[in-house]
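Structure file run11.pdb; described as PDB, C-alpha atoms.
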ATOM      1  CA  MET A   1       0.933 -13.328  -7.465
ATOM      2  CA  MET A   2       2.286  -9.935  -6.380
ATOM      3  CA  ALA A   3       1.763  -8.643  -9.913
ATOM      4  CA  TYR A   4      -1.926  -9.610  -9.852
ATOM      5  CA  ALA A   5      -2.448  -8.005  -6.461
ATOM      6  CA  ILE A   6      -0.822  -4.799  -7.700
ATOM      7  CA  ALA A   7      -2.901  -4.740 -10.880
ATOM      8  CA  ALA A   8      -6.039  -5.448  -8.830
ATOM      9  CA  SER A   9      -5.435  -2.563  -6.423
ATOM     10  CA  VAL A  10      -4.777  -0.057  -9.210
ATOM     11  CA  LEU A  11      -7.745  -1.229 -11.281
ATOM     12  CA  GLY A  12     -10.000  -1.478  -8.224
ATOM     13  CA  GLY A  13      -9.062   2.062  -7.235
ATOM     14  CA  PHE A  14      -9.507   3.222 -10.799
ATOM     15  CA  LEU A  15     -13.031   1.809 -11.043
ATOM     16  CA  ALA A  16     -13.940   3.179  -7.618
ATOM     17  CA  GLY A  17     -12.686   6.598  -8.671
ATOM     18  CA  ARG A  18     -14.509   6.374 -11.984
ATOM     19  CA  LEU A  19     -17.847   5.298 -10.524
ATOM     20  CA  LEU A  20     -17.930   6.656  -7.033
ATOM     21  CA  PHE A  21     -16.190   9.892  -6.447
ATOM     22  CA  GLU A  22     -14.868  13.241  -7.417
ATOM     23  CA  PRO A  23     -11.188  13.898  -6.629
ATOM     24  CA  GLN A  24     -11.090  14.378  -2.882
ATOM     25  CA  ALA A  25      -8.748  16.092  -0.513
ATOM     26  CA  TRP A  26      -8.665  13.287   2.060
ATOM     27  CA  LEU A  27      -7.415  10.925  -0.593
ATOM     28  CA  ASP A  28      -4.489  13.253  -1.147
ATOM     29  CA  THR A  29      -3.656  13.414   2.538
ATOM     30  CA  THR A  30      -3.924   9.638   2.897
ATOM     31  CA  VAL A  31      -1.577   9.106  -0.017
ATOM     32  CA  THR A  32       0.977  11.588   1.321
ATOM     33  CA  TYR A  33       1.192   9.798   4.670
ATOM     34  CA  ALA A  34       1.155   6.355   3.080
ATOM     35  CA  LEU A  35       4.001   7.534   0.868
ATOM     36  CA  ALA A  36       6.015   8.767   3.841
ATOM     37  CA  LEU A  37       5.413   5.449   5.631
ATOM     38  CA  MET A  38       6.468   3.453   2.585
ATOM     39  CA  VAL A  39       9.646   5.480   2.054
ATOM     40  CA  PHE A  40      10.435   5.087   5.756
ATOM     41  CA  LEU A  41      10.026   1.291   5.552
ATOM     42  CA  VAL A  42      12.135   1.132   2.401
ATOM     43  CA  GLY A  43      14.722   3.249   4.229
ATOM     44  CA  VAL A  44      14.790   0.686   7.071
ATOM     45  CA  ASP A  45      15.309  -1.989   4.429
ATOM     46  CA  ILE A  46      18.209  -0.050   2.901
ATOM     47  CA  GLY A  47      19.758   0.744   6.285
ATOM     48  CA  LYS A  48      19.693  -2.939   7.279
ATOM     49  CA  ASN A  49      22.311  -3.744   4.648
ATOM     50  CA  LYS A  50      25.217  -2.799   6.870
ATOM     51  CA  ASN A  51      27.709  -4.910   4.980
ATOM     52  CA  VAL A  52      27.129  -2.825   1.849
ATOM     53  CA  LEU A  53      30.014  -0.480   2.580
ATOM     54  CA  SER A  54      32.488  -3.313   3.055
ATOM     55  CA  GLU A  55      31.209  -4.986  -0.099
ATOM     56  CA  ILE A  56      31.728  -1.771  -2.054
ATOM     57  CA  ARG A  57      35.234  -1.481  -0.618
ATOM     58  CA  GLU A  58      35.942  -5.037  -1.677
ATOM     59  CA  LEU A  59      34.685  -4.506  -5.223
ATOM     60  CA  GLY A  60      36.441  -1.152  -5.474
ATOM     61  CA  ILE A  61      34.863   2.259  -5.338
ATOM     62  CA  ARG A  62      34.771   2.289  -9.149
ATOM     63  CA  ILE A  63      31.739   0.019  -8.866
ATOM     64  CA  MET A  64      29.710   3.089  -7.886
ATOM     65  CA  ALA A  65      30.065   4.127 -11.536
ATOM     66  CA  VAL A  66      27.371   1.501 -12.255
ATOM     67  CA  PRO A  67      24.405   3.150 -10.469
ATOM     68  CA  ILE A  68      25.650   6.607 -11.486
ATOM     69  CA  ALA A  69      25.769   5.594 -15.164
ATOM     70  CA  VAL A  70      22.354   3.919 -14.925
ATOM     71  CA  ALA A  71      20.856   7.001 -13.259
ATOM     72  CA  GLY A  72      22.378   9.450 -15.740
ATOM     73  CA  GLY A  73      21.540   7.309 -18.766
ATOM     74  CA  SER A  74      17.916   6.792 -17.684
ATOM     75  CA  ILE A  75      17.349  10.479 -17.058
ATOM     76  CA  ILE A  76      19.020  11.584 -20.298
ATOM     77  CA  GLY A  77      17.204   8.887 -22.288
ATOM     78  CA  ALA A  78      13.835   9.963 -20.899
ATOM     79  CA  ALA A  79      14.693  13.633 -21.513
ATOM     80  CA  VAL A  80      15.401  12.796 -25.176
ATOM     81  CA  GLY A  81      11.972  11.128 -25.218
ATOM     82  CA  GLY A  82      10.520  14.328 -23.768
ATOM     83  CA  MET A  83      12.053  16.287 -26.627
ATOM     84  CA  LEU A  84      10.483  13.935 -29.177
ATOM     85  CA  LEU A  85       7.124  14.226 -27.423
ATOM     86  CA  ALA A  86       7.365  18.009 -27.011
ATOM     87  CA  MET A  87       7.014  17.422 -23.278
ATOM     88  CA  PRO A  88       8.700  19.701 -20.720
ATOM     89  CA  LEU A  89      12.192  18.241 -20.229
ATOM     90  CA  ARG A  90      12.116  18.211 -16.455
ATOM     91  CA  GLU A  91       8.820  16.295 -16.484
ATOM     92  CA  ALA A  92      10.204  13.650 -18.841
ATOM     93  CA  ALA A  93      13.441  13.483 -16.841
ATOM     94  CA  ALA A  94      11.444  12.975 -13.620
ATOM     95  CA  VAL A  95       9.600  10.039 -15.225
ATOM     96  CA  GLY A  96      12.987   8.542 -16.169
ATOM     97  CA  ALA A  97      14.225   9.047 -12.601
ATOM     98  CA  GLY A  98      11.692   6.457 -11.423
ATOM     99  CA  PHE A  99      14.282   3.830 -12.530
ATOM    100  CA  GLY A 100      11.514   1.215 -12.766
ATOM    101  CA  TRP A 101      10.141   1.836  -9.263
ATOM    102  CA  TYR A 102       6.621   2.497 -10.501
ATOM    103  CA  SER A 103       4.742   2.663  -7.205
ATOM    104  CA  LEU A 104       6.900   5.372  -5.693
ATOM    105  CA  SER A 105       7.482   7.409  -8.870
ATOM    106  CA  GLY A 106       3.812   7.236  -9.891
ATOM    107  CA  VAL A 107       2.454   8.268  -6.521
ATOM    108  CA  MET A 108       5.152  10.893  -5.916
ATOM    109  CA  LEU A 109       4.651  12.644  -9.230
ATOM    110  CA  SER A 110       0.873  12.627  -8.896
ATOM    111  CA  GLN A 111       1.284  14.316  -5.500
ATOM    112  CA  LEU A 112       4.066  16.693  -6.478
ATOM    113  CA  HIS A 113       3.055  17.585  -9.984
ATOM    114  CA  SER A 114      -0.152  16.273 -11.552
ATOM    115  CA  VAL A 115      -2.162  13.067 -11.685
ATOM    116  CA  GLU A 116      -1.400  12.938 -15.404
ATOM    117  CA  LEU A 117       2.379  12.950 -14.899
ATOM    118  CA  GLY A 118       1.923  10.446 -12.069
ATOM    119  CA  ALA A 119       0.019   8.127 -14.414
ATOM    120  CA  THR A 120       2.732   8.537 -17.059
ATOM    121  CA  ALA A 121       5.454   7.689 -14.536
ATOM    122  CA  PHE A 122       3.496   4.727 -13.205
ATOM    123  CA  LEU A 123       2.972   3.247 -16.670
ATOM    124  CA  ALA A 124       6.474   4.073 -17.956
ATOM    125  CA  ASN A 125       8.105   2.411 -14.964
ATOM    126  CA  VAL A 126       5.833  -0.647 -15.038
ATOM    127  CA  ILE A 127       6.790  -0.979 -18.701
ATOM    128  CA  ARG A 128      10.461  -0.588 -17.795
ATOM    129  CA  GLU A 129      10.301  -3.452 -15.325
ATOM    130  CA  ILE A 130       8.515  -5.684 -17.834
ATOM    131  CA  MET A 131      11.019  -4.730 -20.559
ATOM    132  CA  ALA A 132      13.915  -5.542 -18.248
ATOM    133  CA  LEU A 133      12.473  -8.986 -17.489
ATOM    134  CA  ILE A 134      11.738  -9.777 -21.125
ATOM    135  CA  LEU A 135      14.962  -8.401 -22.593
ATOM    136  CA  MET A 136      17.388  -9.578 -19.901
ATOM    137  CA  PRO A 137      18.409 -12.865 -21.600
ATOM    138  CA  LEU A 138      19.135 -11.046 -24.876
ATOM    139  CA  LEU A 139      20.954  -8.193 -23.155
ATOM    140  CA  VAL A 140      23.177 -10.573 -21.196
ATOM    141  CA  ARG A 141      24.021 -12.395 -24.386
ATOM    142  CA  TYR A 142      24.750  -9.429 -26.625
ATOM    143  CA  LEU A 143      25.869  -6.641 -24.286
ATOM    144  CA  GLY A 144      27.372  -8.727 -21.495
ATOM    145  CA  PRO A 145      26.148  -9.448 -17.951
ATOM    146  CA  LEU A 146      27.233  -6.169 -16.377
ATOM    147  CA  VAL A 147      25.724  -3.847 -18.993
ATOM    148  CA  ALA A 148      22.487  -5.865 -18.997
ATOM    149  CA  ILE A 149      21.672  -4.971 -15.384
ATOM    150  CA  ALA A 150      21.244  -1.315 -16.433
ATOM    151  CA  ALA A 151      17.838  -2.124 -17.908
ATOM    152  CA  GLY A 152      16.455  -3.087 -14.497
ATOM    153  CA  GLY A 153      17.306   0.236 -12.810
ATOM    154  CA  ALA A 154      16.269   0.252  -9.159
ATOM    155  CA  THR A 155      14.489  -3.107  -9.526
ATOM    156  CA  THR A 156      17.796  -5.020  -9.627
ATOM    157  CA  MET A 157      17.752  -5.161  -5.823
ATOM    158  CA  ASP A 158      14.414  -7.007  -5.696
ATOM    159  CA  SER A 159      12.040  -7.922  -8.513
ATOM    160  CA  THR A 160      14.570  -8.501 -11.317
ATOM    161  CA  LEU A 161      17.361  -9.850  -9.077
ATOM    162  CA  PRO A 162      16.315 -13.522  -9.232
ATOM    163  CA  MET A 163      16.511 -13.430 -13.012
ATOM    164  CA  ILE A 164      19.898 -11.686 -12.997
ATOM    165  CA  THR A 165      21.193 -14.266 -10.527
ATOM    166  CA  LYS A 166      20.052 -17.043 -12.811
ATOM    167  CA  LEU A 167      21.480 -15.537 -16.005
ATOM    168  CA  THR A 168      24.807 -14.176 -14.728
ATOM    169  CA  ASP A 169      27.382 -14.942 -12.040
ATOM    170  CA  ALA A 170      27.573 -14.242  -8.306
ATOM    171  CA  LYS A 171      29.714 -11.123  -8.711
ATOM    172  CA  THR A 172      27.348  -9.543 -11.238
ATOM    173  CA  ALA A 173      24.379 -10.358  -9.009
ATOM    174  CA  LEU A 174      26.098  -8.603  -6.104
ATOM    175  CA  VAL A 175      26.840  -5.549  -8.268
ATOM    176  CA  ALA A 176      23.204  -5.594  -9.458
ATOM    177  CA  PHE A 177      21.973  -5.636  -5.874
ATOM    178  CA  LEU A 178      24.260  -2.776  -4.806
ATOM    179  CA  SER A 179      23.355  -0.724  -7.866
ATOM    180  CA  GLY A 180      19.625  -1.313  -7.281
ATOM    181  CA  LEU A 181      20.031  -0.309  -3.637
ATOM    182  CA  VAL A 182      21.736   2.991  -4.516
ATOM    183  CA  LEU A 183      19.185   3.740  -7.250
ATOM    184  CA  THR A 184      16.299   2.965  -4.873
ATOM    185  CA  GLY A 185      17.684   5.542  -2.452
ATOM    186  CA  LEU A 186      18.077   8.062  -5.277
ATOM    187  CA  VAL A 187      14.456   7.902  -6.535
ATOM    188  CA  PRO A 188      12.852   9.835  -3.632
ATOM    189  CA  VAL A 189      15.699  12.368  -3.796
ATOM    190  CA  LEU A 190      15.878  12.980  -7.557
ATOM    191  CA  ILE A 191      12.154  13.061  -8.391
ATOM    192  CA  PRO A 192      11.369  16.109  -6.185
ATOM    193  CA  LEU A 193      14.502  17.829  -7.492
ATOM    194  CA  LEU A 194      13.491  17.317 -11.108
ATOM    195  CA  ALA A 195       9.749  17.826 -10.808
ATOM    196  CA  SER A 196       9.503  20.945  -8.686
TER     197      SER A 196
ATOM    198  CA  MET B   1       8.343  16.653   0.029
ATOM    199  CA  ILE B   2      10.642  17.402   2.956
ATOM    200  CA  LEU B   3       8.463  14.812   4.705
ATOM    201  CA  ILE B   4       9.475  12.134   2.193
ATOM    202  CA  LEU B   5      13.193  12.908   2.432
ATOM    203  CA  CYS B   6      13.081  12.935   6.221
ATOM    204  CA  SER B   7      11.195   9.611   6.210
ATOM    205  CA  LEU B   8      13.887   8.087   3.993
ATOM    206  CA  ILE B   9      16.803   9.345   6.083
ATOM    207  CA  PHE B  10      15.081   8.441   9.360
ATOM    208  CA  GLY B  11      14.303   4.972   7.987
ATOM    209  CA  ILE B  12      17.892   4.376   6.888
ATOM    210  CA  LEU B  13      19.189   5.480  10.301
ATOM    211  CA  ILE B  14      16.739   3.200  12.129
ATOM    212  CA  GLY B  15      17.569   0.285   9.838
ATOM    213  CA  ALA B  16      21.308   0.828  10.263
ATOM    214  CA  THR B  17      21.343   1.266  14.040
ATOM    215  CA  LEU B  18      18.596  -0.961  15.431
ATOM    216  CA  LYS B  19      18.744  -4.700  15.378
ATOM    217  CA  ILE B  20      15.346  -5.702  14.041
ATOM    218  CA  PRO B  21      14.156  -9.140  15.189
ATOM    219  CA  PRO B  22      12.847 -11.482  12.457
ATOM    220  CA  VAL B  23       9.260 -11.338  13.774
ATOM    221  CA  ALA B  24       9.189  -7.548  13.581
ATOM    222  CA  GLU B  25      10.795  -7.717  10.172
ATOM    223  CA  LYS B  26       8.026  -9.966   8.905
ATOM    224  CA  ARG B  27       5.426  -7.553  10.268
ATOM    225  CA  LEU B  28       7.214  -4.615   8.686
ATOM    226  CA  GLY B  29       7.119  -6.490   5.380
ATOM    227  CA  LEU B  30       3.352  -6.991   5.713
ATOM    228  CA  LEU B  31       2.909  -3.334   6.641
ATOM    229  CA  LEU B  32       4.946  -2.345   3.593
ATOM    230  CA  SER B  33       2.739  -4.486   1.323
ATOM    231  CA  ALA B  34      -0.433  -3.056   2.864
ATOM    232  CA  THR B  35       0.865   0.495   2.385
ATOM    233  CA  LEU B  36       1.803  -0.295  -1.198
ATOM    234  CA  PHE B  37      -1.675  -1.592  -2.043
ATOM    235  CA  LEU B  38      -3.352   1.323  -0.279
ATOM    236  CA  MET B  39      -1.223   3.794  -2.219
ATOM    237  CA  LEU B  40      -1.744   2.116  -5.558
ATOM    238  CA  GLY B  41      -5.500   1.919  -4.937
ATOM    239  CA  ALA B  42      -5.519   5.639  -4.128
ATOM    240  CA  LEU B  43      -3.445   6.414  -7.239
ATOM    241  CA  GLY B  44      -5.944   4.407  -9.292
ATOM    242  CA  ALA B  45      -8.838   6.319  -7.698
ATOM    243  CA  GLN B  46      -7.199   9.662  -8.454
ATOM    244  CA  MET B  47      -6.771   8.565 -12.055
ATOM    245  CA  GLY B  48     -10.302   7.208 -12.355
ATOM    246  CA  ALA B  49     -11.885  10.323 -10.857
ATOM    247  CA  ASN B  50     -10.105  12.499 -13.429
ATOM    248  CA  SER B  51     -12.220  12.325 -16.612
ATOM    249  CA  GLU B  52      -9.744  14.271 -18.697
ATOM    250  CA  LEU B  53      -7.021  11.808 -17.783
ATOM    251  CA  VAL B  54      -9.233   8.801 -18.538
ATOM    252  CA  HIS B  55      -9.913  10.322 -21.933
ATOM    253  CA  ASN B  56      -6.176  10.805 -22.559
ATOM    254  CA  LEU B  57      -5.166   7.385 -21.269
ATOM    255  CA  PRO B  58      -4.260   5.853 -24.661
ATOM    256  CA  GLU B  59      -1.967   8.788 -25.423
ATOM    257  CA  ILE B  60      -0.427   8.602 -21.939
ATOM    258  CA  GLY B  61       0.224   4.912 -22.556
ATOM    259  CA  TRP B  62       2.168   5.535 -25.768
ATOM    260  CA  ARG B  63       4.096   8.349 -24.144
ATOM    261  CA  ALA B  64       4.994   6.048 -21.253
ATOM    262  CA  LEU B  65       6.149   3.332 -23.639
ATOM    263  CA  LEU B  66       8.478   5.724 -25.484
ATOM    264  CA  LEU B  67       9.877   7.188 -22.249
ATOM    265  CA  ALA B  68      10.459   3.703 -20.837
ATOM    266  CA  ALA B  69      12.190   2.475 -23.991
ATOM    267  CA  LEU B  70      14.478   5.511 -24.139
ATOM    268  CA  ALA B  71      15.270   5.361 -20.406
ATOM    269  CA  VAL B  72      16.276   1.702 -20.844
ATOM    270  CA  ALA B  73      18.308   2.498 -23.976
ATOM    271  CA  GLY B  74      19.981   5.477 -22.288
ATOM    272  CA  SER B  75      20.937   3.477 -19.211
ATOM    273  CA  LEU B  76      22.330   0.619 -21.314
ATOM    274  CA  ALA B  77      24.385   3.054 -23.426
ATOM    275  CA  ALA B  78      25.710   4.868 -20.349
ATOM    276  CA  LEU B  79      26.687   1.656 -18.570
ATOM    277  CA  PHE B  80      28.234   0.285 -21.769
ATOM    278  CA  ALA B  81      30.430   3.393 -21.904
ATOM    279  CA  ALA B  82      31.171   3.352 -18.159
ATOM    280  CA  GLU B  83      32.186  -0.311 -18.303
ATOM    281  CA  ARG B  84      34.863   0.548 -20.848
ATOM    282  CA  VAL B  85      36.006   3.851 -19.344
ATOM    283  CA  PHE B  86      36.313   2.453 -15.814
ATOM    284  CA  ARG B  87      37.213  -1.088 -16.967
ATOM    285  CA  LEU B  88      34.537  -2.365 -14.608
ATOM    286  CA  SER B  89      34.549  -5.974 -15.693
ATOM    287  CA  HIS B  90      38.293  -6.396 -16.301
ATOM    288  CA  THR B  91      38.404  -9.021 -13.569
ATOM    289  CA  GLU B  92      35.798 -11.093 -15.308
ATOM    290  CA  GLY B  93      38.352 -13.216 -17.122
ATOM    291  CA  GLU B  94      38.695 -15.315 -13.987
ATOM    292  CA  HIS B  95      35.143 -16.602 -14.396
ATOM    293  CA  LYS B  96      35.808 -18.053 -17.817
TER     294      LYS B  96
END
Could the structure of this file be written out as structure tokens, please?
Amino acid sequence: MMAYAIAASVLGGFLAGRLLFEPQAWLDTTVTYALALMVFLVGVDIGKNKNVLSEIRELGIRIMAVPIAVAGGSIIGAAVGGMLLAMPLREAAAVGAGFGWYSLSGVMLSQLHSVELGATAFLANVIREIMALILMPLLVRYLGPLVAIAAGGATTMDSTLPMITKLTDAKTALVAFLSGLVLTGLVPVLIPLLAS
Amino acid sequence: MILILCSLIFGILIGATLKIPPVAEKRLGLLLSATLFLMLGALGAQMGANSELVHNLPEIGWRALLLAALAVAGSLAALFAAERVFRLSHTEGEHK
């Protein structure tokens, strides 16, 4: 349902842009404020999880190695892709730093850098989420439940969490949620750092 | 982009300090969805209005696929290594 609505808004906008208008400044301004509003609301969502700190303490601080490894691995992996594609490394790294959060990374990079890089980030991160959903059963089986959550990146706190919960155990699902939460907070911090 | 960072920090502070009643939370969720659709529609429009980009779309798609695959592979490899170095799942025996 959500997926259809998302596809419809992007395609609807795309067709409108194709048929109706030239790139316009007001569109830019609208997007910037919508972006700020969205990040604010996501921030409220993150801040609400007050028990996170006690959960991290309970699991041991070492658990923070999970989001750090996922962040570093995603960025390095995408940078290697950039090398293969003869793309500027920081641009490729910024795409990787979307961690599957396609709406934010796509819109942010189109504002900060170029519409082309924004489109690349949007598509790459949509593909990442789909890959995570499709591959998750295999990854859990062959790499183990903990390693498997890496594929989901920031989405392991929302869209891929139900699947992780179903395929793994309660502890892994909690780690997945915490890791997704940290990665979600990192996206709006890392993308400007890498892209500007 | 200072605006974005400030929005994030401000949001986290509000979320952490204020007690948000369920009704308001539901409305915030709706507002978040509306913002998301607005933003994605605008991103689509920016893409559609850019003829050069429309022309390059197939190439952008392949590039995105490769970047996504390598980001997934990189994150799996890094977490695989971290799991062993930090013995992250050494307590997992108790589940079996």
Which is closest to chain A among B:Arg27, B:Ala45, B:Glu59, B:Thr17, if we use all atoms listed in the file?
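The closest residue to chain A is B:Ala45.
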Compile the residues of chain B that lie within 6 Å of chain A, evaluated using all atoms listed in the file, and express the compilation as a count of residues only.
32
Can you sort out the box for range 146-149 of chain A, edges along x, y and z, all listed atoms in, 8 Å on every side, with centre and edge lengths in Å to one decimal, as JSON?
{"center_x": 24.5, "center_y": -5.0, "center_z": -17.2, "size_x": 21.6, "size_y": 18.3, "size_z": 19.6}
Between CA of Ile164 in chain A and CA of Ala77 in chain B, what distance in Å does the model show, to one decimal?
18.6 Å
Option closest in space to Ile56 in chain A, from A:Val175, A:Val140, A:Leu89, A:Ala94 [counting all atoms listed in the file]:
A:Val175
Answer key for the PyMOL selection byres ((chain A and resi 156) around 9), residues as a list in words:
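On this input, the PyMOL selection byres ((chain A and resi 156) around 9) captures Ile149, Ala150, Ala151, Gly152, Gly153, Ala154, Thr155, Met157, Asp158, Ser159, Thr160, Leu161, Pro162, Ile164, Ala173, Ala176, Phe177, Leu178, Ser179, Gly180 and Leu181 of chain A.
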Please, could all heavy atoms be added to range 46-55 of chain B and the result written as a compact mmCIF listing (two decimals), in the frame of the given file?
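Written output follows (result_29.txt):
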# COMPACT_ATOMS: atom_id res chain seq x y z
N GLN B 46 -7.46 8.30 -7.95
CA GLN B 46 -7.20 9.66 -8.45
C GLN B 46 -7.26 9.70 -9.97
O GLN B 46 -7.76 10.64 -10.58
CB GLN B 46 -5.82 10.13 -8.00
CG GLN B 46 -5.77 10.56 -6.55
CD GLN B 46 -4.36 10.94 -6.13
OE1 GLN B 46 -3.37 10.37 -6.60
NE2 GLN B 46 -4.26 11.90 -5.23
N MET B 47 -6.73 8.63 -10.59
CA MET B 47 -6.77 8.56 -12.06
C MET B 47 -8.20 8.41 -12.55
O MET B 47 -8.64 9.10 -13.45
CB MET B 47 -5.89 7.41 -12.56
CG MET B 47 -4.44 7.71 -12.38
SD MET B 47 -3.17 6.53 -12.77
CE MET B 47 -3.68 5.15 -13.39
N GLY B 48 -8.94 7.48 -11.90
CA GLY B 48 -10.30 7.21 -12.36
C GLY B 48 -11.23 8.40 -12.19
O GLY B 48 -12.13 8.61 -13.00
N ALA B 49 -11.00 9.19 -11.12
CA ALA B 49 -11.88 10.32 -10.86
C ALA B 49 -11.59 11.51 -11.78
O ALA B 49 -12.32 12.48 -11.80
CB ALA B 49 -11.74 10.75 -9.39
N ASN B 50 -10.51 11.39 -12.56
CA ASN B 50 -10.10 12.50 -13.43
C ASN B 50 -10.50 12.18 -14.87
O ASN B 50 -9.81 11.45 -15.58
CB ASN B 50 -8.59 12.65 -13.28
CG ASN B 50 -8.05 13.85 -13.99
OD1 ASN B 50 -8.55 14.25 -15.03
ND2 ASN B 50 -6.99 14.42 -13.44
N SER B 51 -11.67 12.71 -15.30
CA SER B 51 -12.22 12.32 -16.61
C SER B 51 -11.29 12.69 -17.76
O SER B 51 -11.18 11.94 -18.73
CB SER B 51 -13.55 13.03 -16.86
OG SER B 51 -14.40 12.78 -15.80
N GLU B 52 -10.63 13.84 -17.62
CA GLU B 52 -9.74 14.27 -18.70
C GLU B 52 -8.62 13.25 -18.89
O GLU B 52 -8.27 12.89 -20.00
CB GLU B 52 -9.18 15.64 -18.33
CG GLU B 52 -8.65 16.41 -19.53
CD GLU B 52 -7.85 17.61 -19.08
OE1 GLU B 52 -8.26 18.28 -18.11
OE2 GLU B 52 -6.80 17.86 -19.69
N LEU B 53 -8.10 12.78 -17.73
CA LEU B 53 -7.02 11.81 -17.78
C LEU B 53 -7.50 10.49 -18.39
O LEU B 53 -6.81 9.88 -19.21
CB LEU B 53 -6.47 11.58 -16.38
CG LEU B 53 -5.34 10.57 -16.29
CD1 LEU B 53 -4.17 11.18 -15.57
CD2 LEU B 53 -5.76 9.29 -15.61
N VAL B 54 -8.70 10.06 -18.00
CA VAL B 54 -9.23 8.80 -18.54
C VAL B 54 -9.34 8.91 -20.06
O VAL B 54 -8.98 7.99 -20.79
CB VAL B 54 -10.62 8.48 -17.92
CG1 VAL B 54 -11.23 7.25 -18.58
CG2 VAL B 54 -10.47 8.23 -16.43
N HIS B 55 -9.79 10.07 -20.50
CA HIS B 55 -9.91 10.32 -21.93
C HIS B 55 -8.55 10.25 -22.63
O HIS B 55 -8.43 9.76 -23.75
CB HIS B 55 -10.56 11.70 -22.13
CG HIS B 55 -10.82 12.05 -23.54
ND1 HIS B 55 -11.84 11.47 -24.28
CD2 HIS B 55 -10.16 12.89 -24.39
CE1 HIS B 55 -11.80 11.95 -25.51
NE2 HIS B 55 -10.80 12.81 -25.60
